[in-house]
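Dumped my_file-v6.cif below, it's mmCIF, C-alpha atoms and all ligand atoms:
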data_query
loop_
_atom_site.label_atom_id
_atom_site.label_comp_id
_atom_site.auth_asym_id
_atom_site.auth_seq_id
_atom_site.Cartn_x
_atom_site.Cartn_y
_atom_site.Cartn_z
CA MET W 1 5.50 -43.88 4.15
CA LEU W 2 7.12 -45.15 0.95
CA THR W 3 10.59 -45.56 2.55
CA THR W 4 9.21 -47.39 5.58
CA SER W 5 7.22 -49.85 3.47
CA ARG W 6 10.16 -50.55 1.19
CA HIS W 7 12.43 -51.03 4.20
CA ARG W 8 10.02 -53.50 5.72
CA LEU W 9 9.69 -55.43 2.48
CA LEU W 10 13.51 -55.86 2.33
CA ILE W 11 13.75 -57.06 5.93
CA CYS W 12 10.92 -59.49 5.36
CA ALA W 13 12.32 -60.91 2.11
CA ASN W 14 13.84 -64.09 3.66
CA ILE W 15 10.68 -65.04 5.49
CA MET W 16 8.54 -64.22 2.50
CA PRO W 17 6.66 -67.51 2.38
CA VAL W 18 5.45 -67.10 5.98
CA LEU W 19 4.37 -63.53 5.64
CA ALA W 20 3.43 -63.60 1.98
CA TRP W 21 -0.23 -62.92 2.63
CA SER W 22 0.50 -60.19 5.10
CA VAL W 23 2.88 -58.43 2.69
CA LEU W 24 0.47 -58.84 -0.18
CA ALA W 25 -2.27 -57.30 1.93
CA LYS W 26 0.00 -54.38 2.89
CA THR W 27 1.03 -53.83 -0.71
CA VAL W 28 -2.58 -53.72 -1.82
CA LEU W 29 -3.37 -51.32 1.00
CA PHE W 30 -0.33 -49.19 0.12
CA GLY W 31 -1.39 -49.12 -3.52
CA ALA W 32 -4.87 -48.03 -2.55
CA VAL W 33 -3.52 -45.23 -0.35
CA LEU W 34 -1.12 -44.13 -3.10
CA PHE W 35 -3.93 -44.15 -5.65
CA GLY W 36 -6.10 -42.15 -3.30
CA THR W 37 -3.34 -39.63 -2.70
CA VAL W 38 -2.71 -39.21 -6.41
CA LEU W 39 -6.41 -38.88 -7.14
CA PHE W 40 -6.95 -36.37 -4.37
CA GLY W 41 -3.67 -34.52 -4.76
CA THR W 42 -3.56 -34.25 -8.51
CA ILE W 43 -7.12 -34.24 -9.65
CA LEU W 44 -9.34 -33.04 -6.85
CA THR W 45 -7.25 -30.42 -5.06
CA PRO W 46 -6.64 -28.10 -8.03
CA SER W 47 -10.33 -28.06 -8.86
CA ILE W 48 -11.05 -27.06 -5.26
CA ALA W 49 -8.35 -24.36 -5.49
CA LEU W 50 -9.82 -23.03 -8.74
CA ALA W 51 -13.25 -22.80 -7.18
CA ALA W 52 -11.99 -20.94 -4.07
CA PRO W 53 -12.47 -17.16 -4.33
CA LYS W 54 -9.23 -15.24 -4.61
CA GLU W 55 -8.39 -12.39 -2.28
CA ALA W 56 -9.18 -9.05 -3.88
CA ARG W 57 -5.53 -7.97 -3.62
CA HIS W 58 -4.48 -10.79 -5.95
CA LEU W 59 -7.19 -9.92 -8.47
CA PHE W 60 -6.39 -6.20 -8.52
CA GLY W 61 -2.67 -6.81 -8.20
CA ALA W 62 -2.73 -8.90 -11.38
CA THR W 63 -4.41 -6.18 -13.45
CA ALA W 64 -1.84 -4.48 -15.64
CA LYS W 65 -4.05 -1.94 -17.39
CA PRO W 66 -6.77 0.54 -16.45
CA THR W 67 -10.35 0.28 -17.70
CA GLN W 68 -10.77 1.62 -21.21
CA ASN W 69 -13.21 4.34 -22.21
CA ARG W 70 -14.67 4.77 -18.78
CA THR W 71 -15.19 8.06 -17.03
CA ALA W 72 -12.95 8.26 -13.99
CA ALA W 73 -14.83 7.07 -10.92
CA ALA W 74 -13.73 6.06 -7.45
CA TYR W 75 -15.85 3.45 -5.68
CA GLY W 76 -15.80 2.96 -1.93
CA SER W 77 -13.32 4.29 0.59
CA TYR W 78 -9.57 4.87 0.65
CA ALA W 79 -8.82 1.48 2.23
CA LYS W 80 -11.66 -0.50 0.61
CA GLY W 81 -12.45 0.44 -2.94
CA CYS W 82 -11.35 0.64 -6.55
CA LEU W 83 -10.95 3.02 -9.46
CA ALA W 84 -12.27 3.14 -13.01
CA GLY W 85 -10.81 5.39 -15.71
CA ALA W 86 -7.41 5.76 -14.04
CA VAL W 87 -4.82 8.02 -15.64
CA ARG W 88 -1.14 7.16 -15.69
CA LEU W 89 1.35 9.63 -14.29
CA PRO W 90 3.99 9.85 -17.03
CA GLU W 91 7.23 8.27 -15.84
CA THR W 92 9.06 11.57 -16.24
CA GLY W 93 7.62 15.04 -16.58
CA PRO W 94 9.00 18.57 -16.54
CA HIS W 95 9.03 18.61 -12.74
CA TRP W 96 8.78 15.02 -11.57
CA GLN W 97 9.88 11.42 -11.90
CA ALA W 98 7.78 8.44 -10.89
CA MET W 99 9.79 6.01 -8.78
CA ARG W 100 9.72 2.18 -8.54
CA LEU W 101 8.14 1.81 -11.96
CA SER W 102 8.20 -1.99 -11.67
CA ARG W 103 5.36 -1.77 -9.17
CA ASN W 104 3.03 -0.24 -11.78
CA ARG W 105 1.45 1.99 -9.17
CA ASN W 106 1.74 5.30 -10.98
CA TRP W 107 -2.01 5.37 -11.75
CA GLY W 108 -4.51 7.72 -10.25
CA HIS W 109 -7.74 9.63 -10.55
CA PRO W 110 -7.22 12.60 -12.92
CA ASP W 111 -7.53 14.93 -9.89
CA ALA W 112 -4.51 13.25 -8.32
CA ILE W 113 -2.44 13.44 -11.49
CA ALA W 114 -3.30 17.14 -11.89
CA PHE W 115 -2.46 17.75 -8.23
CA ILE W 116 0.96 16.11 -8.60
CA LYS W 117 1.82 18.19 -11.65
CA THR W 118 0.88 21.42 -9.86
CA LEU W 119 2.73 20.60 -6.65
CA ALA W 120 5.80 19.40 -8.56
CA ARG W 121 5.95 22.72 -10.37
CA LYS W 122 5.86 24.57 -7.04
CA ALA W 123 8.54 22.27 -5.61
CA ALA W 124 10.77 23.11 -8.57
CA SER W 125 10.82 26.73 -7.41
CA GLU W 126 12.51 25.76 -4.12
CA PRO W 127 16.28 26.33 -4.10
CA GLY W 128 18.11 23.14 -5.06
CA TRP W 129 14.92 21.35 -6.07
CA ASN W 130 13.86 20.62 -9.64
CA GLY W 131 10.59 18.96 -8.71
CA LEU W 132 9.42 15.83 -6.91
CA TYR W 133 10.03 12.11 -6.80
CA ILE W 134 6.65 10.43 -6.75
CA GLY W 135 6.14 7.12 -4.96
CA ASP W 136 3.04 4.94 -5.07
CA ILE W 137 -0.31 6.28 -6.18
CA SER W 138 -2.55 3.32 -7.11
CA GLN W 139 -2.73 0.23 -9.27
CA PRO W 140 -4.30 0.58 -12.74
CA ARG W 141 -7.73 -0.23 -11.31
CA GLY W 142 -7.01 0.78 -7.74
CA GLY W 143 -8.09 -1.82 -5.20
CA PRO W 144 -6.14 -3.62 -2.49
CA MET W 145 -2.45 -4.37 -3.07
CA ILE W 146 -0.43 -7.53 -2.58
CA SER W 147 2.21 -5.65 -0.60
CA GLY W 148 2.41 -2.41 1.28
CA HIS W 149 -0.45 -0.02 1.79
CA ARG W 150 -3.91 -0.54 3.21
CA SER W 151 -5.14 2.64 1.54
CA HIS W 152 -4.19 3.94 -1.94
CA GLN W 153 -7.20 2.06 -3.35
CA LEU W 154 -9.09 4.94 -4.99
CA GLY W 155 -6.35 6.68 -6.95
CA LEU W 156 -6.59 9.59 -4.52
CA ASP W 157 -3.64 8.81 -2.22
CA VAL W 158 -0.15 9.86 -3.30
CA ASP W 159 3.19 9.13 -1.66
CA ILE W 160 5.79 11.83 -2.27
CA TRP W 161 9.41 11.21 -1.45
CA MET W 162 11.14 13.63 0.89
CA ARG W 163 14.45 13.09 -0.85
CA ARG W 164 15.31 16.32 -2.66
CA ALA W 165 14.58 15.80 -6.34
CA HIS W 166 17.36 17.61 -8.15
CA ASN W 167 18.16 14.99 -10.79
CA LEU W 168 15.17 14.36 -13.06
CA ALA W 169 17.15 12.17 -15.44
CA LEU W 170 17.27 9.06 -13.26
CA SER W 171 17.24 5.83 -15.26
CA LYS W 172 14.56 3.19 -14.67
CA ASP W 173 17.16 1.07 -12.85
CA ALA W 174 18.20 3.96 -10.63
CA ARG W 175 14.55 4.51 -9.75
CA GLU W 176 14.39 0.92 -8.51
CA SER W 177 17.60 1.04 -6.52
CA ILE W 178 17.88 4.45 -4.90
CA SER W 179 15.90 5.10 -1.77
CA SER W 180 14.41 8.15 -0.22
CA VAL W 181 16.02 9.79 2.79
CA SER W 182 14.74 9.81 6.35
CA MET W 183 13.91 13.14 7.95
CA ARG W 184 13.45 11.88 11.50
CA ARG W 185 15.43 11.69 14.68
CA LYS W 186 14.58 9.99 18.01
CA ASN W 187 11.98 7.64 16.55
CA GLY W 188 10.08 10.44 14.87
CA ALA W 189 9.95 12.83 17.82
CA PHE W 190 12.12 15.36 15.94
CA ILE W 191 13.20 16.29 12.45
CA ASN W 192 16.85 15.69 11.59
CA LYS W 193 19.34 17.76 9.60
CA ASN W 194 17.89 16.59 6.26
CA TRP W 195 14.70 18.55 6.87
CA THR W 196 14.77 21.99 5.23
CA THR W 197 12.57 25.03 4.74
CA ALA W 198 11.79 23.57 1.31
CA HIS W 199 10.12 20.57 2.98
CA HIS W 200 8.02 22.92 5.09
CA ASN W 201 7.06 24.97 2.03
CA ILE W 202 6.18 21.95 -0.12
CA LEU W 203 4.00 20.35 2.55
CA LYS W 204 2.36 23.70 3.24
CA ALA W 205 1.62 24.23 -0.46
CA ALA W 206 0.11 20.74 -0.63
CA ALA W 207 -2.05 21.38 2.45
CA GLN W 208 -3.30 24.67 1.00
CA ASP W 209 -4.67 22.95 -2.08
CA PRO W 210 -8.47 22.83 -1.62
CA LYS W 211 -8.57 19.34 -3.15
CA VAL W 212 -6.35 17.96 -0.36
CA ALA W 213 -8.12 16.37 2.62
CA ARG W 214 -5.12 15.27 4.69
CA ILE W 215 -1.38 14.86 4.65
CA PHE W 216 0.26 12.16 6.77
CA VAL W 217 3.74 12.79 8.13
CA PHE W 218 5.69 11.69 11.22
CA PRO W 219 4.84 13.54 14.46
CA GLY W 220 8.17 15.38 14.77
CA ALA W 221 7.64 17.01 11.37
CA LYS W 222 4.19 18.22 12.30
CA VAL W 223 5.49 19.77 15.52
CA ALA W 224 8.38 21.38 13.63
CA MET W 225 5.90 22.92 11.19
CA CYS W 226 3.72 24.08 14.09
CA ASN W 227 6.75 25.81 15.60
CA THR W 228 7.85 27.59 12.44
CA ALA W 229 4.48 28.42 10.85
CA ARG W 230 3.75 32.13 10.63
CA GLY W 231 0.50 33.91 9.80
CA ASN W 232 -2.60 31.92 8.89
CA ARG W 233 -2.30 28.46 10.46
CA SER W 234 -5.45 26.88 9.12
CA TRP W 235 -3.52 24.66 6.67
CA LEU W 236 -1.85 22.92 9.64
CA ARG W 237 -5.15 21.18 10.38
CA LYS W 238 -4.61 18.96 7.35
CA ILE W 239 -1.11 17.89 8.40
CA ARG W 240 -1.77 14.75 10.42
CA PRO W 241 0.88 12.97 12.49
CA TRP W 242 1.15 9.30 11.62
CA TRP W 243 3.41 6.28 12.05
CA GLY W 244 6.21 5.87 9.53
CA HIS W 245 6.09 8.63 6.90
CA HIS W 246 9.59 9.94 7.58
CA GLU W 247 10.95 9.20 4.09
CA HIS W 248 7.82 10.22 2.24
CA PHE W 249 4.68 12.14 3.03
CA HIS W 250 1.28 10.90 1.98
CA VAL W 251 -1.26 13.22 0.41
CA ARG W 252 -4.91 12.21 0.48
CA LEU W 253 -7.24 14.06 -1.85
CA ARG W 254 -10.94 14.56 -1.19
CA CYS W 255 -13.42 12.57 -3.20
CA PRO W 256 -14.04 14.34 -6.50
CA LYS W 257 -17.07 16.64 -6.53
CA ASN W 258 -20.48 15.04 -7.12
CA MET W 259 -19.12 11.52 -6.92
CA ALA W 260 -21.58 9.76 -4.63
CA SER W 261 -19.80 6.42 -5.06
CA CYS W 262 -16.68 7.79 -3.35
CA GLN W 263 -16.67 7.92 0.44
CA ASN W 264 -14.77 10.76 2.11
CA GLN W 265 -13.04 10.26 5.41
CA ALA W 266 -14.48 12.38 8.24
CA ALA W 267 -12.75 15.78 8.40
CA PRO W 268 -9.87 16.13 10.87
CA PRO W 269 -10.91 17.58 14.24
CA PRO W 270 -11.10 21.41 14.33
CA GLY W 271 -7.98 23.40 15.19
CA ASP W 272 -4.40 23.20 13.97
CA GLY W 273 -3.76 19.85 15.70
CA CYS W 274 -0.47 21.08 17.13
CA GLU W 275 -1.27 20.08 20.72
CA GLY W 276 -2.15 16.56 19.68
CA ALA W 277 1.07 16.23 17.70
CA GLN W 278 3.07 17.47 20.67
CA ALA W 279 1.33 14.92 22.91
CA TRP W 280 2.33 12.18 20.45
CA VAL W 281 5.93 13.40 20.51
CA ASN W 282 5.86 13.36 24.33
CA ASP W 283 4.63 9.76 24.20
CA ILE W 284 7.51 8.83 21.90
CA LEU W 285 10.02 10.39 24.28
CA ASN W 286 8.39 8.96 27.42
CA PRO W 287 6.54 5.83 26.36
CA ARG W 288 3.65 4.82 28.58
CA PRO W 289 4.05 1.43 30.26
CA VAL W 290 2.53 -1.38 28.20
CA ASP W 291 -0.68 -2.80 29.69
CA PRO W 292 -0.14 -6.57 29.90
CA ASN W 293 -3.91 -7.12 29.96
CA ALA W 294 -4.63 -5.08 26.85
CA PRO W 295 -6.53 -7.16 24.27
CA LYS W 296 -4.35 -8.24 21.38
CA PRO W 297 -5.29 -6.59 18.10
CA LYS W 298 -7.18 -8.98 15.86
CA PRO W 299 -5.27 -10.02 12.75
CA ARG W 300 -6.69 -8.31 9.68
CA ARG W 301 -8.66 -10.40 7.28
CA GLU W 302 -7.84 -9.88 3.61
CA TYR W 303 -10.73 -8.57 1.55
CA MET W 304 -12.45 -10.76 -0.99
CA LEU W 305 -13.98 -9.18 -4.07
CA LYS W 306 -17.44 -9.39 -2.48
CA ASP W 307 -16.21 -7.26 0.47
CA LEU W 308 -15.54 -4.32 -1.88
CA PRO W 309 -18.30 -2.09 -3.31
CA ARG W 310 -20.27 -4.09 -5.89
CA GLN W 311 -19.08 -1.83 -8.74
CA CYS W 312 -15.55 -3.11 -8.18
CA ALA W 313 -16.43 -6.48 -9.73
CA THR W 314 -17.46 -4.58 -12.85
CA VAL W 315 -14.32 -2.46 -12.77
CA LEU W 316 -12.23 -5.60 -12.57
CA LYS W 317 -14.01 -7.29 -15.50
CA ALA W 318 -14.31 -4.22 -17.74
CA PRO W 319 -12.19 -4.15 -20.90
ZN ZN V 1 0.98 6.27 1.36
#

Could you quickly redo this structure as structure tokens?
Ligand SMILES: [Zn+2]
Amino acid sequence: MLTTSRHRLLICANIMPVLAWSVLAKTVLFGAVLFGTVLFGTILTPSIALAAPKEARHLFGATAKPTQNRTAAAYGSYAKGCLAGAVRLPETGPHWQAMRLSRNRNWGHPDAIAFIKTLARKAASEPGWNGLYIGDISQPRGGPMISGHRSHQLGLDVDIWMRRAHNLALSKDARESISSVSMRRKNGAFINKNWTTAHHNILKAAAQDPKVARIFVFPGAKVAMCNTARGNRSWLRKIRPWWGHHEHFHVRLRCPKNMASCQNQAAPPPGDGCEGAQAWVNDILNPRPVDPNAPKPKPRREYMLKDLPRQCATVLKAP
């Protein structure tokens, strides 16, 4: 608008006396519009922005520290909740290293931290393994995240890398730059040559922990475990095939005992789940034709603070 007006003014300069009133009127109008834009753009808009409620993921994502002096408590459900009294997984321990430290997601409920330490010790007994590389747990106060996961909000979900952890002296920089390793072949229908008996044993040990509710891993891994499992197969029920999860597996712990504020997910269906996993693999290998009339999935709405359990506002504000 500014360029056009100026351009016009230059063209009109030699017939100024004739159009003087018209130009004057335009200039006044232009000034009024400019004033209005400045007033609205500079003064009014930021006050509107300040008043608008922020998405919960920005509020929780900006929190650098856990609540102080509060008993650990998870509020809500795995994909819609928060955590008070989080404990930090030390960056390096005797049998583990926390990865991607810049994300500040190595916080969890004490049950999760204890679980990691126990499983990491078991992993260290596998040939060639000295422990585990631990991916995301939760933010210091749990809650939704700016990037990545839908769940991991209660401090009870843990991502564990499937890359063999033999070097537990990785620098902080190395833990930002190195990646895990994929275990899948054919889009997740099969395991690849990186998968070892150690992977089977570590996932089995995790599933046998009574505090564990579920473990998510790609379908081909579940089927491979179904095929090699011997003896009691009840632990297989907790190994759930899921999308992705070929570079890490995801352990979900049950809500801590006597914690009414924490909402468990319904138990997996009875049985070892091997048939279902095989059916998923078959679908990967022979995809069903896409239904052109299928309703499009609705885009997800980001949660506001008021969408979370009411205690989460307190958790966010607490010192
Ligand atoms: Zn995860």

Using all atoms listed in the file, tabulate the residues of chain W lying at most 8 Å from any atom of ligand ZN 1 (chain V), each with its closest atom pair and that distance in Å to one decimal, by chain and increasing residue number, as JSON lines.
{"residue": "W:Asp136", "atom": "CA", "partner": "V:ZN1", "partner_atom": "ZN", "distance": 6.9}
{"residue": "W:Ile137", "atom": "CA", "partner": "V:ZN1", "partner_atom": "ZN", "distance": 7.6}
{"residue": "W:His149", "atom": "CA", "partner": "V:ZN1", "partner_atom": "ZN", "distance": 6.5}
{"residue": "W:Ser151", "atom": "CA", "partner": "V:ZN1", "partner_atom": "ZN", "distance": 7.1}
{"residue": "W:His152", "atom": "CA", "partner": "V:ZN1", "partner_atom": "ZN", "distance": 6.6}
{"residue": "W:Asp157", "atom": "CA", "partner": "V:ZN1", "partner_atom": "ZN", "distance": 6.4}
{"residue": "W:Val158", "atom": "CA", "partner": "V:ZN1", "partner_atom": "ZN", "distance": 6.0}
{"residue": "W:Asp159", "atom": "CA", "partner": "V:ZN1", "partner_atom": "ZN", "distance": 4.7}
{"residue": "W:His245", "atom": "CA", "partner": "V:ZN1", "partner_atom": "ZN", "distance": 7.9}
{"residue": "W:His248", "atom": "CA", "partner": "V:ZN1", "partner_atom": "ZN", "distance": 7.9}
{"residue": "W:Phe249", "atom": "CA", "partner": "V:ZN1", "partner_atom": "ZN", "distance": 7.1}
{"residue": "W:His250", "atom": "CA", "partner": "V:ZN1", "partner_atom": "ZN", "distance": 4.7}
{"residue": "W:Val251", "atom": "CA", "partner": "V:ZN1", "partner_atom": "ZN", "distance": 7.4}

Output for the residues just chosen: C-alpha atoms as a PDB file, in the coordinates of the input:
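Result went into again_26.pdb, see below:
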ATOM      1  CA  ASP W 136       3.040   4.940  -5.070  1.00  0.00           C
ATOM      2  CA  ILE W 137      -0.310   6.280  -6.180  1.00  0.00           C
ATOM      3  CA  HIS W 149      -0.450  -0.020   1.790  1.00  0.00           C
ATOM      4  CA  SER W 151      -5.140   2.640   1.540  1.00  0.00           C
ATOM      5  CA  HIS W 152      -4.190   3.940  -1.940  1.00  0.00           C
ATOM      6  CA  ASP W 157      -3.640   8.810  -2.220  1.00  0.00           C
ATOM      7  CA  VAL W 158      -0.150   9.860  -3.300  1.00  0.00           C
ATOM      8  CA  ASP W 159       3.190   9.130  -1.660  1.00  0.00           C
ATOM      9  CA  HIS W 245       6.090   8.630   6.900  1.00  0.00           C
ATOM     10  CA  HIS W 248       7.820  10.220   2.240  1.00  0.00           C
ATOM     11  CA  PHE W 249       4.680  12.140   3.030  1.00  0.00           C
ATOM     12  CA  HIS W 250       1.280  10.900   1.980  1.00  0.00           C
ATOM     13  CA  VAL W 251      -1.260  13.220   0.410  1.00  0.00           C
TER      14      VAL W 251
END

* W:Lys238, W:Arg252, W:His58, W:Arg310: which is nearest Gly155 in chain W, counting all atoms listed in the file? ->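 Among W:Lys238, W:Arg252, W:His58, W:Arg310, it is W:Arg252 that comes nearest to Gly155 in chain W.
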
Would you write out, as a Markdown table, a table of all residues in range 133-227 of chain W that have an atom no more than 12 Å from an atom of range 257-277 of chain W, listing for each the closest atom pair and the distance in Å to one decimal, considering all atoms listed in the file and ordering rows by chain and rising residue number?
| residue | atom | partner | partner_atom | distance |
| --- | --- | --- | --- | --- |
| W:Ser151 | CA | W:Gln265 | CA | 11.6 |
| W:Gln153 | CA | W:Cys262 | CA | 11.1 |
| W:Leu154 | CA | W:Cys262 | CA | 8.3 |
| W:Gly155 | CA | W:Cys262 | CA | 11.0 |
| W:Leu156 | CA | W:Cys262 | CA | 10.3 |
| W:Gly188 | CA | W:Ala277 | CA | 11.1 |
| W:Ala189 | CA | W:Ala277 | CA | 9.5 |
| W:Phe190 | CA | W:Ala277 | CA | 11.2 |
| W:Ala207 | CA | W:Asp272 | CA | 11.9 |
| W:Pro210 | CA | W:Lys257 | CA | 11.7 |
| W:Lys211 | CA | W:Lys257 | CA | 9.5 |
| W:Val212 | CA | W:Ala267 | CA | 11.1 |
| W:Ala213 | CA | W:Ala267 | CA | 7.4 |
| W:Arg214 | CA | W:Pro268 | CA | 7.8 |
| W:Ile215 | CA | W:Pro268 | CA | 10.6 |
| W:Phe216 | CA | W:Pro268 | CA | 11.6 |
| W:Val217 | CA | W:Ala277 | CA | 10.5 |
| W:Phe218 | CA | W:Ala277 | CA | 9.2 |
| W:Pro219 | CA | W:Ala277 | CA | 5.7 |
| W:Gly220 | CA | W:Ala277 | CA | 7.7 |
| W:Ala221 | CA | W:Ala277 | CA | 9.2 |
| W:Lys222 | CA | W:Ala277 | CA | 6.5 |
| W:Val223 | CA | W:Ala277 | CA | 6.1 |
| W:Ala224 | CA | W:Cys274 | CA | 9.5 |
| W:Met225 | CA | W:Cys274 | CA | 8.9 |
| W:Cys226 | CA | W:Cys274 | CA | 6.0 |
| W:Asn227 | CA | W:Cys274 | CA | 8.8 |

* Protein, DNA and RNA residues within 12 Å of (-11.2, 1.0, -7.6), all atoms listed in the file, as a VMD selection string -> chain W and resid 56 to 57 59 to 61 63 66 to 67 72 to 86 107 to 109 138 to 145 151 to 156 261 to 263 305 308 to 318
